[in-house]
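Undergrad: This is the structure I have questions about; it appears just below.
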Amino acid sequence: MKADLFKMDLAVDDEALLKKNTMEKKIKRAADFAISILLLIIVCPLLVCACIAIRIESKGSAIYRQKRYGFCGREFIAYKLRTMYEHSSDGNLAAPKAGDTRVTRVGKILRKTSIDELPQLFNVLHGDMSILGPRAVPYKEIELRLENMIKSNPEQEGQFRRAMEIRTLMRPGISGMAQAYGRSALTAKEATGYDVYYVMYYSLLLDIRIFFKTIDTILFRKGVN
């Protein structure tokens, strides 16, 4: 599936998008809550083992906390298992690539299997995130993504800025279209296109499609660095 920013009507009103499929969004929130509780019960032993392995290999907290850009632009603290050496990413927002020395040996395993994302289930319970949605990113990454897109198509700056506004009109997800259809292999424009498509054309059926595509992506490690 392709989601081209230039083929979507980004002039649509924010209020209209927020009110779209209201009942389906309520069902989605209820499902998020129930699924998060169930998954946390199931993966609790795995999380404990992962935290122990992280602490044994390197100093620092096993849980990585970071401010993320959330629903309607509100900031929140997202939780992940730490996959890098403590403070190694300070000032360096670049996503880790193959062979990146910032990533620990345990971290490589956690990233490849997406186990590092599991603590975000607590964010879902709190209501800051959803199981599926646009990717939750720090504000500085939003700026970098905008900068990259504008640099490639300067004449479309207004379109890109509007796209970044639209992607915040649903709760960010642990996974989503961008992760399911390419993850880190996507360009900034492609990733943003998937985020915007999800917000504009949301339905429970779309969530089901993304869920099964995510499983396929994780199993075959597509787009994983």
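Ligands are numbered from 1 in the order shown, residues from 1 within each chain, and chains are lettered A, B, ... in the order they appear in the structure tokens.
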Considering only C-alpha atoms, return as a list of chain:residue names whatever protein or nucleic-acid residues lie within 9 Å of Arg105 (chain A), sequence-local ones (same chain, fewer than 4 positions apart) excluded.
TA: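 Here the qualifying residues turn out to be A:Glu57, A:Thr83, A:Met84, A:Ile109, A:Leu110.
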Undergrad: Using DSSP on the backbone, list every residue of region 47-198 of chain A that comes out as strand (DSSP E or B), and give them as a ChimeraX atom specification.
TA: /A:63-69,75-81,84,103,130-132,135,137,173-175
Undergrad: Please, could you write that set of residues out with N, CA and C atoms as an mmCIF file, in the first residue's frame?
TA:
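Result went into selection36.cif, see below:
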```
data_model
loop_
_atom_site.group_PDB
_atom_site.id
_atom_site.type_symbol
_atom_site.label_atom_id
_atom_site.label_comp_id
_atom_site.auth_asym_id
_atom_site.auth_seq_id
_atom_site.Cartn_x
_atom_site.Cartn_y
_atom_site.Cartn_z
ATOM 1 N N ILE A 63 14.965 1.151 31.860
ATOM 2 C CA ILE A 63 13.858 1.840 31.178
ATOM 3 C C ILE A 63 14.339 3.194 30.663
ATOM 4 N N TYR A 64 14.087 3.427 29.380
ATOM 5 C CA TYR A 64 14.463 4.685 28.742
ATOM 6 C C TYR A 64 13.220 5.572 28.670
ATOM 7 N N ARG A 65 13.326 6.781 29.166
ATOM 8 C CA ARG A 65 12.207 7.726 29.170
ATOM 9 C C ARG A 65 12.523 8.892 28.238
ATOM 10 N N GLN A 66 11.530 9.254 27.438
ATOM 11 C CA GLN A 66 11.756 10.345 26.492
ATOM 12 C C GLN A 66 10.465 11.109 26.242
ATOM 13 N N LYS A 67 10.570 12.450 26.153
ATOM 14 C CA LYS A 67 9.397 13.257 25.826
ATOM 15 C C LYS A 67 9.022 13.030 24.372
ATOM 16 N N ARG A 68 7.745 12.777 24.141
ATOM 17 C CA ARG A 68 7.261 12.549 22.785
ATOM 18 C C ARG A 68 6.125 13.514 22.462
ATOM 19 N N TYR A 69 5.931 13.712 21.166
ATOM 20 C CA TYR A 69 4.888 14.596 20.639
ATOM 21 C C TYR A 69 3.616 13.767 20.502
ATOM 22 N N GLU A 75 2.715 17.014 24.798
ATOM 23 C CA GLU A 75 3.876 16.193 25.122
ATOM 24 C C GLU A 75 3.553 15.187 26.218
ATOM 25 N N PHE A 76 4.213 14.036 26.169
ATOM 26 C CA PHE A 76 4.081 13.043 27.224
ATOM 27 C C PHE A 76 5.397 12.281 27.323
ATOM 28 N N ILE A 77 5.581 11.529 28.396
ATOM 29 C CA ILE A 77 6.780 10.733 28.585
ATOM 30 C C ILE A 77 6.517 9.307 28.107
ATOM 31 N N ALA A 78 7.265 8.873 27.096
ATOM 32 C CA ALA A 78 7.127 7.509 26.563
ATOM 33 C C ALA A 78 8.189 6.617 27.192
ATOM 34 N N TYR A 79 7.833 5.351 27.410
ATOM 35 C CA TYR A 79 8.742 4.386 28.026
ATOM 36 C C TYR A 79 9.164 3.311 27.028
ATOM 37 N N LYS A 80 10.444 2.995 27.045
ATOM 38 C CA LYS A 80 10.976 1.905 26.225
ATOM 39 C C LYS A 80 12.071 1.207 27.020
ATOM 40 N N LEU A 81 12.418 -0.015 26.615
ATOM 41 C CA LEU A 81 13.588 -0.660 27.194
ATOM 42 C C LEU A 81 14.820 -0.015 26.579
ATOM 43 N N MET A 84 20.549 1.303 24.066
ATOM 44 C CA MET A 84 21.856 1.925 23.841
ATOM 45 C C MET A 84 22.576 2.121 25.168
ATOM 46 N N VAL A 103 24.486 1.045 20.213
ATOM 47 C CA VAL A 103 23.562 -0.027 20.589
ATOM 48 C C VAL A 103 24.304 -1.161 21.302
ATOM 49 N N SER A 130 -1.846 4.643 21.758
ATOM 50 C CA SER A 130 -2.739 3.580 21.320
ATOM 51 C C SER A 130 -1.867 2.403 20.886
ATOM 52 N N ILE A 131 -2.462 1.239 20.728
ATOM 53 C CA ILE A 131 -1.711 0.097 20.213
ATOM 54 C C ILE A 131 -1.249 0.401 18.794
ATOM 55 N N LEU A 132 -2.157 0.986 17.996
ATOM 56 C CA LEU A 132 -1.846 1.349 16.614
ATOM 57 C C LEU A 132 -2.139 2.825 16.393
ATOM 58 N N ARG A 135 3.361 7.198 14.433
ATOM 59 C CA ARG A 135 4.501 6.970 15.316
ATOM 60 C C ARG A 135 4.690 8.126 16.296
ATOM 61 N N VAL A 137 6.927 10.469 18.204
ATOM 62 C CA VAL A 137 8.307 10.935 18.015
ATOM 63 C C VAL A 137 8.568 12.175 18.855
ATOM 64 N N GLY A 173 0.842 5.590 18.133
ATOM 65 C CA GLY A 173 0.761 4.160 18.405
ATOM 66 C C GLY A 173 2.105 3.505 18.671
ATOM 67 N N ILE A 174 2.046 2.350 19.347
ATOM 68 C CA ILE A 174 3.243 1.532 19.517
ATOM 69 C C ILE A 174 3.690 1.045 18.141
ATOM 70 N N SER A 175 2.717 0.664 17.329
ATOM 71 C CA SER A 175 2.981 0.343 15.929
ATOM 72 C C SER A 175 2.004 1.147 15.080
#
```
Undergrad: I need the residue nearest Val199 (chain A) from this list: A:Ile142, A:Leu125, A:Ala185, A:Ile166. Use only C-alpha atoms for the distance.
TA: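 For Val199 (chain A), the nearest of the given residues is A:Ile166.
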Undergrad: What is the CA of Pro134 (chain A)-CA of Ala178 (chain A) distance in Å, reported with one decimal?
TA: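 Atom-to-atom, CA of Pro134 (chain A) and CA of Ala178 (chain A) are spaced 7.5 Å apart.
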Undergrad: What are the closest atom pairs, with distances in Å to one decimal, for each residue of region 167-187 of chain A lying within 12 Å of region 4-20 of chain A, using only C-alpha atoms, rows by chain and rising residue number, as a tab-separated table?
TA:
```
residue	atom	partner	partner_atom	distance
A:Arg167	CA	A:Asp14	CA	10.5
A:Thr168	CA	A:Asp14	CA	10.0
A:Leu169	CA	A:Leu18	CA	6.4
A:Met170	CA	A:Leu18	CA	7.7
A:Arg171	CA	A:Leu18	CA	10.9
```
Undergrad: Write to file, as a PDB file, in the first residue's frame, the residues of the selection just made, with C-alpha atoms.
TA:
```pdb
ATOM      1  CA  ARG A 167      -0.701  13.305  12.053  1.00  0.00           C
ATOM      2  CA  THR A 168      -1.277  14.468  15.662  1.00  0.00           C
ATOM      3  CA  LEU A 169      -5.079  14.208  15.422  1.00  0.00           C
ATOM      4  CA  MET A 170      -5.055  10.625  16.690  1.00  0.00           C
ATOM      5  CA  ARG A 171      -3.164   9.103  19.607  1.00  0.00           C
TER       6      ARG A 171
END
```
Undergrad: Neighbours of region 50-56 of chain A within 9 Å (only C-alpha atoms; same-chain residues fewer than 4 positions away dropped), as number ranges by chain?
TA: A: 45-46, 60-63, 81-83, 104, 106-107, 110, 115-116
Undergrad: Suppose we keep C-alpha atoms; can you now write the selection as a PDB file, in the first residue's frame?
TA:
```
ATOM      1  CA  PRO A  45       8.243 -12.300  32.868  1.00  0.00           C
ATOM      2  CA  LEU A  46       9.858 -11.337  29.548  1.00  0.00           C
ATOM      3  CA  GLY A  60      22.009   2.848  33.865  1.00  0.00           C
ATOM      4  CA  SER A  61      18.273   2.376  34.102  1.00  0.00           C
ATOM      5  CA  ALA A  62      16.741  -0.478  32.102  1.00  0.00           C
ATOM      6  CA  ILE A  63      13.858   1.840  31.178  1.00  0.00           C
ATOM      7  CA  LEU A  81      13.588  -0.660  27.194  1.00  0.00           C
ATOM      8  CA  ARG A  82      17.019   0.927  26.892  1.00  0.00           C
ATOM      9  CA  THR A  83      18.866  -0.457  23.855  1.00  0.00           C
ATOM     10  CA  THR A 104      24.369  -2.700  23.179  1.00  0.00           C
ATOM     11  CA  VAL A 106      21.227  -6.948  24.325  1.00  0.00           C
ATOM     12  CA  GLY A 107      19.798  -3.864  22.633  1.00  0.00           C
ATOM     13  CA  LEU A 110      15.512  -6.154  21.691  1.00  0.00           C
ATOM     14  CA  ILE A 115      10.631  -6.196  22.595  1.00  0.00           C
ATOM     15  CA  ASP A 116      12.028  -2.753  23.467  1.00  0.00           C
TER      16      ASP A 116
END
```
Undergrad: Choose the residue, out of A:Leu38, A:Pro172, A:Lys112, A:Asn21, that has the smallest atom-to-atom separation from Gly73 (chain A); count only C-alpha atoms.
TA: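 Nearest candidate to Gly73 (chain A) out of A:Leu38, A:Pro172, A:Lys112, A:Asn21: A:Pro172.
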Undergrad: If you run DSSP on the backbone, which residues of region 8-194 of chain A are helix (DSSP H, G or I), as a PyMOL selection string?
TA: chain A and resi 14-19+22-57+71-73+105-113+115-117+120-126+139-152+154-166+177-180+183-185+188-194
Undergrad: So which residues touch Ile150 (chain A) within 12 Å, counting only C-alpha atoms, skipping near sequence neighbours fewer than 3 positions away, as a list in words?
TA: Glu143, Leu144, Arg145, Leu146, Glu147, Asn153, Pro154, Glu155, Gln156, Glu157, Gly158, Gln159, Phe160, Arg161, Ala163, Ala188 and Lys189 of chain A
Undergrad: Mind pulling up the distance from CA of Val124 (chain A) to CA of Leu186 (chain A)?
TA: 25.0 Å
Undergrad: Which residues, written as a list in words, have at least one atom at most 10 Å from Ala3 (chain A), with only C-alpha atoms counted and residues fewer than 4 positions away on the same chain left out?
TA: Lys7, Met8, Met177, Ala178, Lys189, Glu190, Ala191, Thr192, Gly193, Tyr194, Asp195, Val196, Tyr197 and Tyr198 of chain A
